[in-house]
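Inspection log for the structure reproduced underneath, given as structure tokens.
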Amino acid sequence: MKYVISVDPGKATGVCLVKWSGDQDETPSLMMSGEVQADEFAKWFETALSIALSLGSLESVSVVCERFTITAQTVRNSQAPFSLEQIGVLKHLCRVNEFDPEKIVFQSPVDAKSMFPNPQLRKVGTWHVGGEGHANDAIRHALLRLVKTGWQPRILLK
């Protein structure tokens with residue numbers, strides 16, 4: 001079994017916990033998803049990690065986060081540091097929960113969205129209802145991570 005805890009950092013942070021058996025005939029399943037505020041993030045992450053570790057081992061858990069790069073456009077759009085702050089909190093939470101923060105996988109938002117646009121999330125059965133789309137962005141990253149580690153989303157070919 002593989003477990004992916006995924007984070008789309010921001011003022012409202014998208015989060016999810018996905019599990020996959022490793023069997024190509026099975027699709028990953030969404031165990032938890034949501035959009036959390038800064039004061040809820042630590043509790044959510046620790047709960048997700050606790051669930052994943054109670055069902056598997058540290059080696060069966062991946063932590064994935066959307067890569068956030070500051071560009072000239074970022075500076076023009078906002079001075080809000082929410083995404084960078086959440087990434088720092090994520091690294092700290094990994095450290096204090098004995099998950100090496102150097103093992104966090106950072107992925108490009110465009111890679112996740114192009115691989116799993118909204119219709120594909122629905123087809124896989126991992127669509128999160130409600131919120132502003134941040135939870136679905138976290139789900140895209142979790143599924144992309146599973147693809148990179150062996151899952152072949154055959155359901156999308158049907």
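Each chain in the structure tokens gets a letter, A, B, ..., in the order shown, and its residues are numbered from 1; ligands are numbered from 1 in order too.
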>> If DSSP is run on the backbone, what residues of chain A are strand (DSSP E)? A reply as a ChimeraX atom specification would be ideal.
In response: /A:2-8,13-20,29-36,61-66,105-107
> Hey, what's within 12 Å of Asn97 in chain A if we count only C-alpha atoms and toss same-chain stuff fewer than 3 positions away? As a count of residues only, please?
Replying inline: 16
> When distances are computed from only C-alpha atoms, which of A:Leu143, A:Val129, A:Ala135, A:Val96 shows the smallest separation from Met115 in chain A?
Replying inline: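 That would be A:Leu143, the residue with the smallest distance to Met115 in chain A.
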> What is the distance between CA of His134 in chain A and CA of Phe41 in chain A, in Å to one decimal?
Replying inline: 13.3 Å
>> I want to know what sits within 7 Å of range 6-19 of chain A, based on only C-alpha atoms, with residues of the same chain fewer than 2 positions away left out; could you give that as a PyMOL selection string?
In response: chain A and resi 1-4+21+28-38+48+63-66+82-83+86-87+134-135+137-139+141-142
> Quick one: DSSP helix (DSSP H, G or I) residues in chain A, as an MDAnalysis selection string?
Replying inline: chainID A and resid 38:55 58:60 72:77 82:96 101:103 109:115 118:124 134:148 154:157
>> Excluding Leu144 in chain A and its own-chain neighbours fewer than 4 positions away, which residues fall within 7 Å of it when counting only C-alpha atoms? Please give them as an NGL selection string.
In response: :A and (112 or 140 or 148)
Create the file for the chosen residues now, containing N, CA and C atoms and written as an mmCIF file, in the first residue's frame.
```
data_model
loop_
_atom_site.group_PDB
_atom_site.id
_atom_site.type_symbol
_atom_site.label_atom_id
_atom_site.label_comp_id
_atom_site.auth_asym_id
_atom_site.auth_seq_id
_atom_site.Cartn_x
_atom_site.Cartn_y
_atom_site.Cartn_z
ATOM 1 N N ALA A 112 0.817 18.934 -12.757
ATOM 2 C CA ALA A 112 -0.316 18.289 -12.095
ATOM 3 C C ALA A 112 -1.629 18.612 -12.808
ATOM 4 N N ARG A 140 -4.617 16.480 -7.367
ATOM 5 C CA ARG A 140 -3.860 16.349 -8.623
ATOM 6 C C ARG A 140 -2.402 15.986 -8.331
ATOM 7 N N LYS A 148 4.184 8.896 -11.054
ATOM 8 C CA LYS A 148 5.654 8.904 -11.103
ATOM 9 C C LYS A 148 6.271 7.727 -10.353
#
```
> Between CA of Trp20 in chain A and CA of Val124 in chain A, what is the spacing in Å?
Replying inline: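 A separation of 12.2 Å between them.
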> Just how far from CA of Gln107 in chain A is CA of Arg67 in chain A, in Å to one decimal?
Replying inline: 5.2 Å
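Counting only C-alpha atoms, the residue from A:His128, A:Leu121, A:Ser114, A:Asn136 that sits nearest to Leu156 in chain A is A:Leu121.
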